[in-house]
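Reproduced below: run-v9.cif, with mmCIF, C-alpha atoms.
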data_target
loop_
_atom_site.label_atom_id
_atom_site.label_comp_id
_atom_site.auth_asym_id
_atom_site.auth_seq_id
_atom_site.Cartn_x
_atom_site.Cartn_y
_atom_site.Cartn_z
CA MET A 178 205.40 161.51 -25.28
CA ASN A 179 204.20 164.03 -27.86
CA ASP A 180 202.10 161.94 -30.23
CA LYS A 181 198.43 162.77 -29.53
CA VAL A 182 197.13 159.52 -31.00
CA ASP A 183 199.43 157.53 -28.68
CA LYS A 184 198.17 159.57 -25.74
CA LEU A 185 194.54 159.04 -26.75
CA VAL A 186 195.06 155.27 -27.03
CA ILE A 187 196.65 155.17 -23.56
CA PHE A 188 193.88 157.38 -22.14
CA LEU A 189 191.10 155.19 -23.55
CA ALA A 190 192.83 152.03 -22.31
CA LYS A 191 192.24 153.23 -18.75
CA ARG A 192 188.91 152.56 -17.06
CA ASP A 193 188.77 156.20 -15.92
CA GLY A 194 189.58 157.35 -19.45
CA ILE A 195 186.72 155.51 -21.14
CA ASP A 196 184.42 156.52 -18.27
CA LYS A 197 185.11 160.22 -18.90
CA LEU A 198 184.51 159.81 -22.63
CA VAL A 199 181.15 158.08 -22.09
CA LYS A 200 180.27 160.59 -19.37
CA THR A 201 180.79 163.33 -21.96
CA PHE A 202 178.38 161.48 -24.30
CA GLN A 203 175.87 161.14 -21.44
CA TYR A 204 175.71 164.81 -20.51
CA VAL A 205 176.02 166.25 -24.02
CA SER A 206 173.03 164.09 -25.04
CA LYS A 207 171.16 165.25 -21.92
CA LEU A 208 171.62 168.88 -22.94
CA VAL A 209 170.70 168.12 -26.57
CA ASN A 210 167.50 166.39 -25.42
CA TRP A 211 166.57 169.42 -23.29
CA HIS A 212 167.37 171.90 -26.06
CA VAL A 213 165.36 170.23 -28.86
CA GLU A 214 162.63 168.54 -26.82
CA THR A 215 159.85 170.81 -28.04
CA THR A 216 161.15 171.68 -31.51
CA TYR A 217 162.55 168.35 -32.71
CA PRO A 218 160.94 165.57 -30.64
CA ASP A 219 162.43 162.78 -32.79
CA ILE A 220 165.99 164.03 -32.21
CA ALA A 221 165.16 164.56 -28.52
CA THR A 222 164.05 160.92 -28.21
CA ARG A 223 167.27 159.68 -29.82
CA ALA A 224 169.33 161.93 -27.54
CA LYS A 225 167.47 160.59 -24.50
CA GLN A 226 168.18 157.01 -25.56
CA TRP A 227 171.88 157.89 -25.96
CA GLU A 228 171.89 159.46 -22.50
CA VAL A 229 170.29 156.41 -20.85
CA ALA A 230 172.54 153.95 -22.71
CA SER A 231 175.64 155.95 -21.74
CA GLY A 232 174.60 156.07 -18.09
CA LEU A 233 174.01 152.30 -17.97
CA SER A 234 177.31 151.64 -19.78
CA ARG A 235 179.20 153.68 -17.20
CA LYS A 236 177.65 151.66 -14.39
CA ALA A 237 178.81 148.45 -16.08
CA PHE A 238 182.36 149.84 -16.47
CA ARG A 239 182.43 150.58 -12.73
CA SER A 240 181.95 146.94 -11.69
CA GLY A 241 184.22 146.24 -8.73
CA ARG A 242 185.26 149.88 -8.47
CA PHE A 243 184.39 149.96 -4.75
CA LEU A 244 187.57 147.96 -4.14
CA THR A 245 189.62 151.03 -5.14
CA GLY A 246 188.60 152.85 -1.96
CA PHE A 247 189.26 149.77 0.16
CA ASN A 248 192.72 149.38 -1.35
CA ALA A 249 193.47 153.09 -0.84
CA LEU A 250 192.74 152.71 2.86
CA ARG A 251 194.79 149.52 3.03
CA ARG A 252 197.83 150.94 1.23
CA THR A 253 197.87 154.69 2.00
CA PRO A 254 195.67 155.44 5.03
CA GLY A 255 197.17 158.93 5.56
CA THR A 256 200.24 160.63 7.02
CA SER A 257 198.58 161.92 10.20
CA ARG A 258 195.62 161.10 12.44
CA GLY A 259 193.56 163.89 10.85
CA PHE A 260 194.28 162.71 7.31
CA ARG A 261 193.62 159.09 8.27
CA LEU A 262 190.18 160.15 9.50
CA LEU A 263 189.52 162.12 6.30
CA ALA A 264 190.70 159.15 4.22
CA VAL A 265 188.40 156.75 6.09
CA LEU A 266 185.36 159.03 5.72
CA ALA A 267 186.04 159.91 2.07
CA ASN A 268 186.86 156.41 0.87
CA SER A 269 184.05 154.83 2.91
CA GLY A 270 181.55 157.15 1.26
CA GLU A 271 182.97 156.33 -2.16
CA MET A 272 182.85 152.58 -1.41
CA VAL A 273 179.16 152.83 -0.46
CA TYR A 274 178.53 154.76 -3.69
CA PHE A 275 180.18 152.26 -6.01
CA PHE A 276 178.92 149.17 -4.13
CA PHE A 277 175.24 150.13 -4.21
CA ASP A 278 175.64 151.44 -7.76
CA HIS A 279 175.94 147.76 -8.78
CA PHE A 280 172.42 147.07 -7.49
CA LEU A 281 171.08 150.25 -9.08
CA TRP A 282 172.49 149.11 -12.44
CA LEU A 283 170.94 145.64 -12.04
CA ALA A 284 167.57 147.20 -11.16
CA ARG A 285 167.73 149.56 -14.13
CA ILE A 286 168.45 146.76 -16.64
CA GLY A 287 165.74 144.49 -15.20
CA VAL A 288 167.82 141.83 -13.42
CA LEU A 289 166.49 143.04 -10.06
CA ASP A 290 162.99 144.33 -9.41
CA ALA A 291 162.75 147.93 -10.70
CA ARG A 292 161.14 149.03 -7.42
CA TYR A 293 164.56 148.76 -5.75
CA ALA A 294 166.12 151.31 -8.12
CA LYS A 295 164.98 154.41 -6.22
CA ARG A 296 166.24 153.11 -2.89
CA MET A 297 169.58 151.98 -4.30
CA SER A 298 169.98 155.31 -6.09
CA PHE A 299 169.43 157.24 -2.84
CA ILE A 300 171.90 155.13 -0.81
CA SER A 301 174.48 155.32 -3.60
CA ALA A 302 174.09 159.11 -3.97
CA PHE A 303 174.25 159.62 -0.20
CA GLY A 304 177.52 157.70 0.07
CA GLU A 305 178.83 159.58 -2.96
CA SER A 306 178.03 162.95 -1.36
CA VAL A 307 179.73 162.04 1.92
CA GLY A 308 182.83 160.91 0.04
CA TYR A 309 183.00 164.05 -2.10
CA VAL A 310 182.71 166.39 0.91
CA PHE A 311 185.70 164.83 2.65
CA PHE A 312 187.75 164.50 -0.55
CA ILE A 313 187.20 168.24 -1.14
CA ILE A 314 188.25 169.09 2.43
CA ALA A 315 191.42 166.97 2.11
CA ASP A 316 192.33 168.57 -1.23
CA PHE A 317 191.89 172.11 0.11
CA ILE A 318 194.12 171.30 3.10
CA LEU A 319 196.82 169.93 0.78
CA ILE A 320 196.51 172.93 -1.57
CA ALA A 321 197.03 175.26 1.42
CA ARG A 322 200.07 173.27 2.48
CA GLY A 323 201.45 173.46 -1.04
CA LEU A 324 201.03 177.24 -1.14
CA LYS A 325 202.85 177.53 2.18
CA ALA A 326 205.70 175.32 0.96
CA GLU A 327 205.95 177.29 -2.29
CA ARG A 328 206.18 180.62 -0.45
CA LYS A 329 208.87 179.18 1.81
CA LEU A 330 210.93 178.05 -1.18
CA LEU A 331 210.58 181.43 -2.89
CA ILE A 332 211.63 183.36 0.21
CA GLU A 333 214.27 181.16 1.83
CA GLU A 334 215.91 179.16 -0.95
CA GLU A 335 218.38 180.47 -3.51
CA GLU A 336 217.28 180.23 -7.12
CA SER A 337 218.47 176.93 -8.62
CA LYS A 338 217.28 174.20 -10.95
CA GLU A 339 216.42 172.06 -7.92
CA THR A 340 214.30 174.82 -6.39
CA GLU A 341 212.58 175.52 -9.71
CA GLY A 342 211.84 171.81 -10.03
CA GLU A 343 210.28 171.68 -6.54
CA ILE A 344 208.15 174.76 -7.24
CA LYS A 345 207.01 173.33 -10.58
CA LYS A 346 206.07 170.05 -8.85
CA ILE A 347 204.06 171.91 -6.19
CA ARG A 348 202.23 173.99 -8.82
CA MET A 349 201.39 170.94 -10.93
CA ASP A 350 200.05 169.15 -7.84
CA ARG A 351 197.91 172.22 -7.09
CA ILE A 352 196.43 172.22 -10.60
CA MET A 353 195.57 168.53 -10.34
CA ARG A 354 193.95 169.03 -6.95
CA LEU A 355 191.94 171.99 -8.22
CA MET A 356 190.73 169.81 -11.09
CA ALA A 357 189.75 167.14 -8.52
CA VAL A 358 187.89 169.75 -6.45
CA ALA A 359 186.03 171.02 -9.53
CA ALA A 360 185.03 167.47 -10.48
CA ASN A 361 183.96 166.59 -6.93
CA ILE A 362 181.86 169.76 -6.51
CA ALA A 363 180.19 169.11 -9.88
CA ASP A 364 179.45 165.49 -8.95
CA LEU A 365 178.24 166.58 -5.51
CA ILE A 366 175.61 168.79 -7.20
CA ILE A 367 174.46 165.79 -9.26
CA ALA A 368 174.27 163.63 -6.13
CA LEU A 369 172.31 166.30 -4.22
CA ALA A 370 169.75 166.33 -7.04
CA GLU A 371 169.04 162.69 -6.15
CA ILE A 372 169.15 163.06 -2.35
CA GLU A 373 167.26 166.33 -1.97
CA PRO A 374 165.56 167.32 -5.24
CA ASN A 375 165.40 171.09 -5.76
CA PRO A 376 164.87 173.46 -8.73
CA PHE A 377 168.55 174.42 -9.03
CA CYS A 378 170.28 171.04 -8.75
CA ASN A 379 167.61 169.21 -10.75
CA HIS A 380 167.50 171.66 -13.65
CA THR A 381 168.72 169.97 -16.82
CA VAL A 382 171.23 172.74 -17.55
CA THR A 383 172.71 172.48 -14.03
CA LEU A 384 173.00 168.70 -14.32
CA GLY A 385 174.38 168.89 -17.86
CA ILE A 386 177.03 171.48 -17.10
CA SER A 387 177.99 169.74 -13.84
CA GLY A 388 178.41 166.44 -15.65
CA LEU A 389 180.60 167.99 -18.34
CA VAL A 390 182.74 169.87 -15.79
CA SER A 391 183.32 166.60 -13.96
CA ALA A 392 184.05 164.70 -17.17
CA TRP A 393 186.47 167.27 -18.58
CA ALA A 394 188.30 167.74 -15.27
CA GLY A 395 188.72 163.98 -15.30
CA TRP A 396 190.04 164.14 -18.88
CA TYR A 397 192.67 166.64 -17.77
CA ARG A 398 193.75 164.61 -14.73
CA ASN A 399 193.95 161.30 -16.59
CA TRP A 400 195.49 162.52 -19.86
CA PRO A 401 199.02 161.07 -20.27
CA SER A 402 201.82 163.59 -19.74
#
Give the structure from this file in structure tokens form.
Amino acid sequence: MNDKVDKLVIFLAKRDGIDKLVKTFQYVSKLVNWHVETTYPDIATRAKQWEVASGLSRKAFRSGRFLTGFNALRRTPGTSRGFRLLAVLANSGEMVYFFFDHFLWLARIGVLDARYAKRMSFISAFGESVGYVFFIIADFILIARGLKAERKLLIEEEESKETEGEIKKIRMDRIMRLMAVAANIADLIIALAEIEPNPFCNHTVTLGISGLVSAWAGWYRNWPS
């Protein structure tokens, strides 16, 4: 498939695709608001409204998303005891994140009492952080295994189309996993800003850049081949 419009339509038809687009809106508007806050307050206010609306929209899009982690554990729990443990920890953290994110969304839009928002945000961010840590560990282990398998093919196997195809597959998998690691580290920084506020993680530039790194890594991973 070479037609870019076709690819864009397919990308935006996916829940992850539209989420990454709106996430880009959210964090670009966050950076715009920070940049013009003192010089152009009217534009800053509009950018802030765009940021808030984008954030709430993304929470609505994620309704029921916690079932993805549950289904991953049900269908592909892992190939070994160690990976099964990593899968349980990572997907459990993600399930907590998406499940409590529902209540955070309802508190933010006024369906639930707004006083619950802070608590729901903390629980959601904590689960998110736990999930990201173990997803990152799993990806690094699989990247290391891929490098080992690639070296073995280069040393032991004779050059052939089949060998080239295997090496290409390993390298593409490595790129995708590195994109996942980049996105998870960026999102982990955003989650840490909620769990343990600090000058670095909570700085608008840090949050803005982290959000865009996560969004654009997601664009790359979800873009149709």
- Query: Taking all atoms listed in the file into account, which of A:Ala326, A:Ala357, A:Pro401, A:Gln203 comes nearest Ile314 of chain A?
  - Reply: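 Smallest separation from Ile314 of chain A among the options: A:Ala357.
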query = Taking the file as shown, what set of residues would the PyMOL selection byres ((chain A and resi 205) around 12) give back, as a count of residues only?
reply = 33
Starting from the displayed file, determine the output of the PyMOL selection byres ((chain A and resi 306) around 10) and express the residue list as a list in words.
Ala267, Gly270, Glu271, Tyr274, Ile300, Ser301, Ala302, Phe303, Gly304, Glu305, Val307, Gly308, Tyr309, Val310, Phe311, Phe312, Asn361, Ile362, Asp364, Leu365, Ile366, Ile367, Ala368, Leu369 and Ile372 of chain A
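If you look at atom CA of Ser402 of chain A and atom CA of Glu341 of chain A, they are 18.9 Å away from each other.
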For Ala360 of chain A, the closest of A:Arg252, A:Lys345, A:Arg235, A:Lys197 counting only C-alpha atoms is A:Lys197
Open item on the list: Given only C-alpha atoms as the basis, pick out the residue of A:Ser234, A:Ala321, A:Trp400, A:Ser337 nearest to Leu189 of chain A.
Closed with: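 That would be A:Trp400, the residue with the smallest distance to Leu189 of chain A.
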Name the residues that the PyMOL selection byres ((chain A and resi 348-350) around 12) picks from the file above, as a PDB file with C-alpha atoms, keeping the file's coordinate frame, using the file's chain letters and numbers.
ATOM      1  CA  ASP A 316     192.330 168.570  -1.230  1.00  0.00           C
ATOM      2  CA  PHE A 317     191.890 172.110   0.110  1.00  0.00           C
ATOM      3  CA  LEU A 319     196.820 169.930   0.780  1.00  0.00           C
ATOM      4  CA  ILE A 320     196.510 172.930  -1.570  1.00  0.00           C
ATOM      5  CA  ALA A 321     197.030 175.260   1.420  1.00  0.00           C
ATOM      6  CA  ARG A 322     200.070 173.270   2.480  1.00  0.00           C
ATOM      7  CA  GLY A 323     201.450 173.460  -1.040  1.00  0.00           C
ATOM      8  CA  LEU A 324     201.030 177.240  -1.140  1.00  0.00           C
ATOM      9  CA  LYS A 325     202.850 177.530   2.180  1.00  0.00           C
ATOM     10  CA  ALA A 326     205.700 175.320   0.960  1.00  0.00           C
ATOM     11  CA  GLU A 327     205.950 177.290  -2.290  1.00  0.00           C
ATOM     12  CA  ARG A 328     206.180 180.620  -0.450  1.00  0.00           C
ATOM     13  CA  GLU A 341     212.580 175.520  -9.710  1.00  0.00           C
ATOM     14  CA  GLY A 342     211.840 171.810 -10.030  1.00  0.00           C
ATOM     15  CA  GLU A 343     210.280 171.680  -6.540  1.00  0.00           C
ATOM     16  CA  ILE A 344     208.150 174.760  -7.240  1.00  0.00           C
ATOM     17  CA  LYS A 345     207.010 173.330 -10.580  1.00  0.00           C
ATOM     18  CA  LYS A 346     206.070 170.050  -8.850  1.00  0.00           C
ATOM     19  CA  ILE A 347     204.060 171.910  -6.190  1.00  0.00           C
ATOM     20  CA  ARG A 351     197.910 172.220  -7.090  1.00  0.00           C
ATOM     21  CA  ILE A 352     196.430 172.220 -10.600  1.00  0.00           C
ATOM     22  CA  MET A 353     195.570 168.530 -10.340  1.00  0.00           C
ATOM     23  CA  ARG A 354     193.950 169.030  -6.950  1.00  0.00           C
ATOM     24  CA  LEU A 355     191.940 171.990  -8.220  1.00  0.00           C
ATOM     25  CA  MET A 356     190.730 169.810 -11.090  1.00  0.00           C
ATOM     26  CA  ALA A 357     189.750 167.140  -8.520  1.00  0.00           C
ATOM     27  CA  TYR A 397     192.670 166.640 -17.770  1.00  0.00           C
ATOM     28  CA  ARG A 398     193.750 164.610 -14.730  1.00  0.00           C
ATOM     29  CA  SER A 402     201.820 163.590 -19.740  1.00  0.00           C
TER      30      SER A 402
END
Would you give the centre and edge lengths, in Å to one decimal, of a box along x, y and z around the listed atoms of segment 301-318 of chain A, with 8 Å added to each side, as JSON?
{"center_x": 184.1, "center_y": 163.7, "center_z": -0.4, "size_x": 36.0, "size_y": 32.8, "size_z": 23.1}
Give me, please, the distance in Å between atom CA of Leu185 of chain A and atom CA of Ala363 of chain A, quoted to one decimal.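 Atom CA of Ala363 of chain A lies at a distance of 24.3 Å from atom CA of Leu185 of chain A.
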